[in-house]
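Student: I'd like to ask you about the structure that follows.
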Amino acid sequence: MNGWDLFTWFNCVVLAGDAIIIFGFFLRDAKGILAGQQSDVDGVPTETPADADPGSLLEVPGPIQSLQDRP
Amino acid sequence: MDHPYLSWIDYAVLGVYLLGMLGVGYYVKLKIPNFEEFLVAGRSMTTPILVCTLASTYYGLDVLFGTSEMAFNNGVVAFFGYSQLSLAVYFFAAFALSHRLRDAKFTSLPEILERHYGPTAGIFGGFASLFYSLPALALFGLGRMCEVVFGFDARLGALGLGGVALLYTLWGGLWAVAITDTIQFVLMCVTLAIAIPLLMGNIGGFDAVASAIPAGHFAIFGDMPIWLVLAYTATGISILVDPGFYQRVFAAKSARQARNAMLLSLVIWFAYDWLVVAGGMLAAAGVAAGALPADLHPNDALLTAVMYALPAGIAGLFLAGVLATAMSTIDSYSLVAGANLSYDLYRPLAKNRVSDRELVRMTKLGIVLSWTLGYVLAYAFDKLMALWVFQATALTSTVLVPIFACLFWKGKKTPTACLLSYVLGLASVIAFYFTIERLGVPNEIYGTHIWSFSFWGSDFEIWQEYSLFFTLPISILGFLIGNCFGSNYVPPRSEGAR
């Protein structure tokens with residue numbers, strides 16, 4: 001087994017391992033997704049429009065009005 | 001339907017996969033209350049689902065077959081010279097764009113232009129995004145795969161399998177796209193990670209590859225010209241204005257989750273790229289050893305080699321993964337194009353007096369229209385890869401400069417600057433492609449056009465891939481000239497509340 005074989009095996013483990021782990025996290029969220037409310041994977045709370053930082057995009061006029069409020 | 005490497009179990013696995021995708025779409029359909037849920041999934045996507053949808057959307061059949069073809073012909077340069085350098089641009093996007101885009105709560109890419117330069121700029125951006133998002137290449141690839149694997153007519157194959165992607169996208173919008181992308185992502189990754197070691201076992205690993213192919217195929221950058229390496233790197237620039245990428249950032253639960261998803265996707269793409277390259281090189285060794293047909297087309301090398309190596313059932317799973325690769329691209333870009341038609345073109349023309357229900361209906365109509373246009377384009381052009389490169393260059397050369405001015409430049413930026421940058425960028429793209437097509441000659445090795453000429457006693461070569469080196473500076477120049485005229489856009493009062 002040469003270096004290219006090892007590199008290939010390494011990438012197989014990374015790809016399959018990552019895919020399975022990420023899918024596991026997805027399943028953890030799935031219940032919330034299907035119920036319409038996600039769980040908080042990274043411990044980051046869901047933002048409301050009022051939380052948005054209007055200055056983070058330079059000179060943005062302001063947070064967008066909810067489309068549901070559109071006449 | 002008879003294929004030497006496939007059994008009925010494989011066809012059954014494919015049938016279950018397709019029914020599963022339709023089932024997900026139909027289930028999600030029952031849970032979509034409004035336009036924001038349909039288009040940006042209620043801005044509540046978490047890191048795992050974002051990784052899946054990002055990774056599967058950007059890796060289509062062009063990567064699976066195009067990169068493996070390059071590896072089959074040229075070796076590891078397909079990885080180091082072609083695939084990996086553009087990942088540096090994605091790294092930049094993760095850190096520089098995710099916060100700026102997510103926190104401003106946009107709904108689409110053209111809306112950035114609309115807010116900063118006015119409705120006309122938004123409509124221009126809508127057309128550029130729509131043209132880029134037509135899923136012609138993915139539909140063509142799907143049809144070609146049906147022809148090679150199942151012996152179907154390519155047009156019928158694209159119509160049937162592409163139709164499945166169309167149907168679940170219409171039913172469930174971004175949620176359906178993202179959930180099916182997640183399943184497709186797992187299939188893509190796991191089946192490839194199983195297939196390549198089995199193929200190594202069959203062929204004899206890289207020792208067998210080294211004895212079967214020229215030693216130059218292990219040179220990191222091969223004999224690729226430096227300008228071509230830079231040009232391939234530049235192809236990654238299109239992600240900086242990719243409407244599908246923007247839509248996922250807008251849909252993220254937070255900017256941090258968008259950034260983390262992008263960084264995790266980089267790891268996935270790195271490993272996936274190498275395995276595709278390894279598959280192409282192993283296929284070349286398989287041909288040399290007589291295990292695979294001597295007349296194997298380089299474009300079909302990976303698919304044929306993997307089906308040869310995999311046992312019944314797993315081969316069906318791999319084929320489902322290949323279908324997934326194409327379908328995840330078709331669904332995502334059809335949705336983006338549909339939103340361009342409804343939200344970016346129809347809504348401004350209707351002076352924003354559009355109900356949520358009407359927006360969803362118009363978006364669905366737009367999805368069908370864009371899918372149909374993509375299908376027609378797929379079989380109207382014989383140089384589809386060139387069409388895709390043209391689509392990407394046109395988008396980058398028209399909207400990158402005005403959008404980056406919004407994101408990174410605090411000073412003056414006028415509507416005239418945006419429009420002149422857009423118009424000159426587009427004109428230069430058309431002029432460049434027309435010139436290369438007329439004066440250049442086709443190059444079979446790299447599948448491109450090259451214009452060779454002498455100037456002041458020196459010889460020069462301009463490749464089709466060099467387009468951005470000319471068109472982006474012209475777009476910047478247009479912006480700078482236009483910025484001398486007029487003043488910043490001030491939204492009308494009613495719009496200012498948005």
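Chain labels run A, B, ... following the order of the structure tokens; each chain numbers its residues from 1, and ligands are numbered from 1 in the order shown.
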Can you tell me which residues surround B:Gly122 at a distance of at most 8 Å, considering only C-alpha atoms, apart from same-chain residues fewer than 3 positions away, and format the answer as a PDB file with C-alpha atoms, in the first residue's frame?
Tutor:
ATOM      1  CA  PRO B 110     -31.369  40.509  -7.053  1.00  0.00           C
ATOM      2  CA  GLU B 111     -33.077  42.041  -4.018  1.00  0.00           C
ATOM      3  CA  ILE B 112     -29.634  43.243  -2.854  1.00  0.00           C
ATOM      4  CA  LEU B 113     -29.330  45.217  -6.080  1.00  0.00           C
ATOM      5  CA  GLU B 114     -32.929  46.442  -5.798  1.00  0.00           C
ATOM      6  CA  ARG B 115     -32.420  47.804  -2.291  1.00  0.00           C
ATOM      7  CA  TYR B 117     -29.633  50.722  -6.727  1.00  0.00           C
ATOM      8  CA  GLY B 118     -33.400  50.720  -7.310  1.00  0.00           C
ATOM      9  CA  PRO B 119     -36.001  48.479  -8.998  1.00  0.00           C
ATOM     10  CA  GLY B 125     -30.155  41.171 -11.624  1.00  0.00           C
ATOM     11  CA  GLY B 126     -33.255  38.961 -11.822  1.00  0.00           C
ATOM     12  CA  ASP B 344     -37.535  39.639  -8.629  1.00  0.00           C
ATOM     13  CA  LEU B 345     -39.356  40.241 -11.922  1.00  0.00           C
TER      14      LEU B 345
END
Student: Set the distance at 7 Å and use only C-alpha atoms: which residues neighbour B:Val51 once local chain neighbours fewer than 5 positions away are removed? I'd like the list as a list in words.
Tutor: Ala261, Met262, Leu264 and Ser265 of chain B
Student: Would you output that residue set with N, CA and C atoms, as an mmCIF file, in the first residue's frame?
Tutor:
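Heads up, here's the output in selection-v5.cif:
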data_model
loop_
_atom_site.group_PDB
_atom_site.id
_atom_site.type_symbol
_atom_site.label_atom_id
_atom_site.label_comp_id
_atom_site.auth_asym_id
_atom_site.auth_seq_id
_atom_site.Cartn_x
_atom_site.Cartn_y
_atom_site.Cartn_z
ATOM 1 N N ALA B 261 -21.630 25.700 8.273
ATOM 2 C CA ALA B 261 -22.052 24.761 7.229
ATOM 3 C C ALA B 261 -21.108 24.843 6.034
ATOM 4 N N MET B 262 -20.725 26.064 5.703
ATOM 5 C CA MET B 262 -19.826 26.258 4.551
ATOM 6 C C MET B 262 -18.462 25.615 4.836
ATOM 7 N N LEU B 264 -17.764 23.147 6.939
ATOM 8 C CA LEU B 264 -17.897 21.679 6.930
ATOM 9 C C LEU B 264 -18.027 21.150 5.493
ATOM 10 N N SER B 265 -18.728 21.917 4.663
ATOM 11 C CA SER B 265 -18.875 21.504 3.267
ATOM 12 C C SER B 265 -17.521 21.442 2.562
#
Student: Name all residues at most 10 Å from B:Thr471 (count only C-alpha atoms; drop same-chain ones fewer than 5 positions away) and give them as a VMD selection string.
Tutor: chain B and resid 393 to 394 396 to 398 424 to 432 466 476 to 477
Student: Near B:Arg347, counting only C-alpha atoms, which residues have an atom at most 10 Å away, once you skip same-chain residues fewer than 5 positions from it, shown as a PyMOL selection string?
Tutor: chain B and resi 123+340-342+352-355+358-359+362
Student: Any chance you could export the current selection's N, CA and C atoms as a PDB file, in the first residue's frame?
Tutor:
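The new file result.pdb reads:
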ATOM      1  N   ILE B 123     -34.350  44.240 -11.411  1.00  0.00           N
ATOM      2  CA  ILE B 123     -34.887  43.477 -12.550  1.00  0.00           C
ATOM      3  C   ILE B 123     -33.738  42.957 -13.427  1.00  0.00           C
ATOM      4  N   ASN B 340     -36.826  33.968  -9.036  1.00  0.00           N
ATOM      5  CA  ASN B 340     -36.409  35.131  -9.826  1.00  0.00           C
ATOM      6  C   ASN B 340     -37.582  35.662 -10.644  1.00  0.00           C
ATOM      7  N   LEU B 341     -38.337  34.740 -11.217  1.00  0.00           N
ATOM      8  CA  LEU B 341     -39.471  35.164 -12.041  1.00  0.00           C
ATOM      9  C   LEU B 341     -40.570  35.822 -11.196  1.00  0.00           C
ATOM     10  N   SER B 342     -40.842  35.229 -10.022  1.00  0.00           N
ATOM     11  CA  SER B 342     -41.958  35.756  -9.226  1.00  0.00           C
ATOM     12  C   SER B 342     -41.525  36.951  -8.374  1.00  0.00           C
ATOM     13  N   ASN B 352     -45.230  45.744  -5.978  1.00  0.00           N
ATOM     14  CA  ASN B 352     -45.251  45.120  -4.648  1.00  0.00           C
ATOM     15  C   ASN B 352     -46.631  44.745  -4.147  1.00  0.00           C
ATOM     16  N   ARG B 353     -47.673  44.969  -4.987  1.00  0.00           N
ATOM     17  CA  ARG B 353     -49.028  44.628  -4.519  1.00  0.00           C
ATOM     18  C   ARG B 353     -49.327  43.173  -4.869  1.00  0.00           C
ATOM     19  N   VAL B 354     -48.631  42.280  -4.191  1.00  0.00           N
ATOM     20  CA  VAL B 354     -48.791  40.859  -4.481  1.00  0.00           C
ATOM     21  C   VAL B 354     -48.997  40.117  -3.167  1.00  0.00           C
ATOM     22  N   SER B 355     -50.009  39.293  -3.122  1.00  0.00           N
ATOM     23  CA  SER B 355     -50.259  38.539  -1.884  1.00  0.00           C
ATOM     24  C   SER B 355     -49.287  37.359  -1.803  1.00  0.00           C
ATOM     25  N   GLU B 358     -50.275  34.535  -4.065  1.00  0.00           N
ATOM     26  CA  GLU B 358     -49.976  34.796  -5.478  1.00  0.00           C
ATOM     27  C   GLU B 358     -48.489  34.597  -5.750  1.00  0.00           C
ATOM     28  N   LEU B 359     -47.644  35.012  -4.778  1.00  0.00           N
ATOM     29  CA  LEU B 359     -46.190  34.834  -4.953  1.00  0.00           C
ATOM     30  C   LEU B 359     -45.835  33.352  -5.060  1.00  0.00           C
ATOM     31  N   MET B 362     -46.964  32.133  -8.449  1.00  0.00           N
ATOM     32  CA  MET B 362     -46.085  32.612  -9.523  1.00  0.00           C
ATOM     33  C   MET B 362     -44.730  31.898  -9.472  1.00  0.00           C
TER      34      MET B 362
END
Student: Figure out the distance between atom CA of B:Pro135 and atom CA of B:Tyr232, please, to one decimal in Å.
Tutor: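 Between these atoms lies a distance of 21.4 Å.
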Student: Hey, what's within 9 Å of A:Val13 if we count only C-alpha atoms and toss same-chain stuff fewer than 4 positions away? As a ChimeraX atom specification, please?
Tutor: /A:8-9,17-18 /B:193,271
Student: Restricting it to C-alpha atoms, dump the selection as a PDB file, in the first residue's frame.
Tutor:
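Saved the output as part06.pdb:
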ATOM      1  CA  THR A   8      -7.610   7.535  -0.654  1.00  0.00           C
ATOM      2  CA  TRP A   9      -8.543   5.451   2.400  1.00  0.00           C
ATOM      3  CA  GLY A  17     -17.864   9.379   8.475  1.00  0.00           C
ATOM      4  CA  ASP A  18     -18.832  13.028   8.016  1.00  0.00           C
TER       5      ASP A  18
ATOM      6  CA  ALA B 193     -16.735   5.986  -0.153  1.00  0.00           C
ATOM      7  CA  ALA B 271     -12.668  14.290   0.191  1.00  0.00           C
TER       8      ALA B 271
END
Student: Find the residues around A:Ala16 up to 10 Å (only C-alpha atoms counted), leave out those fewer than 2 positions away in its own chain, and share them as a short mmCIF file (atom, residue, chain, number, x, y, z; two decimals) with N, CA and C atoms, in the first residue's frame.
Tutor:
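Done, and the output landed in out.cif:
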data_model
loop_
_atom_site.label_atom_id
_atom_site.label_comp_id
_atom_site.auth_asym_id
_atom_site.auth_seq_id
_atom_site.Cartn_x
_atom_site.Cartn_y
_atom_site.Cartn_z
N ASN A 11 -9.56 9.65 2.83
CA ASN A 11 -10.69 10.45 2.32
C ASN A 11 -12.00 9.66 2.33
N CYS A 12 -11.90 8.34 2.15
CA CYS A 12 -13.12 7.50 2.25
C CYS A 12 -13.70 7.60 3.66
N VAL A 13 -12.81 7.49 4.65
CA VAL A 13 -13.26 7.55 6.05
C VAL A 13 -13.86 8.92 6.35
N VAL A 14 -13.17 9.98 5.88
CA VAL A 14 -13.65 11.34 6.13
C VAL A 14 -15.03 11.54 5.49
N ASP A 18 -18.17 11.72 7.92
CA ASP A 18 -18.83 13.03 8.02
C ASP A 18 -20.30 12.93 7.60
N ALA A 19 -20.53 12.20 6.50
CA ALA A 19 -21.91 12.10 6.00
C ALA A 19 -22.82 11.46 7.04
N ILE A 20 -22.32 10.40 7.67
CA ILE A 20 -23.15 9.70 8.66
C ILE A 20 -23.37 10.56 9.92
N ILE A 21 -22.29 11.22 10.36
CA ILE A 21 -22.43 12.07 11.56
C ILE A 21 -23.41 13.22 11.29
N ILE A 22 -23.24 13.86 10.12
CA ILE A 22 -24.12 15.00 9.79
C ILE A 22 -25.57 14.52 9.66
N VAL B 186 -26.27 11.97 1.62
CA VAL B 186 -25.77 10.75 2.27
C VAL B 186 -25.51 9.67 1.22
N LEU B 187 -26.44 9.53 0.28
CA LEU B 187 -26.26 8.52 -0.77
C LEU B 187 -25.00 8.80 -1.60
N MET B 188 -24.84 10.08 -2.01
CA MET B 188 -23.68 10.47 -2.82
C MET B 188 -22.37 10.11 -2.12
N CYS B 189 -22.30 10.49 -0.84
CA CYS B 189 -21.02 10.37 -0.12
C CYS B 189 -20.73 8.92 0.26
N VAL B 190 -21.71 8.26 0.87
CA VAL B 190 -21.45 6.92 1.40
C VAL B 190 -21.19 5.92 0.26
N THR B 191 -21.99 6.02 -0.81
CA THR B 191 -21.79 5.04 -1.89
C THR B 191 -20.43 5.24 -2.57
N LEU B 192 -20.02 6.50 -2.73
CA LEU B 192 -18.70 6.73 -3.35
C LEU B 192 -17.59 6.21 -2.43
N ALA B 193 -17.75 6.44 -1.10
CA ALA B 193 -16.73 5.99 -0.15
C ALA B 193 -16.67 4.47 -0.06
N ILE B 194 -17.76 3.79 -0.40
CA ILE B 194 -17.72 2.30 -0.44
C ILE B 194 -17.15 1.84 -1.77
N ILE B 268 -16.04 18.13 3.11
CA ILE B 268 -16.75 17.12 2.31
C ILE B 268 -16.28 17.21 0.85
N ALA B 271 -12.72 15.76 0.22
CA ALA B 271 -12.67 14.29 0.19
C ALA B 271 -13.38 13.74 -1.05
N TYR B 272 -14.52 14.33 -1.39
CA TYR B 272 -15.30 13.87 -2.54
C TYR B 272 -14.48 14.05 -3.83
#
Student: Select, from B:Val490, B:Leu387, B:Ile474, B:Leu167, the residue with the minimum atom-to-atom distance to chain A, counting only C-alpha atoms.
Tutor: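 Checking each of B:Val490, B:Leu387, B:Ile474, B:Leu167 against chain A, counting only C-alpha atoms, the winner is B:Val490.
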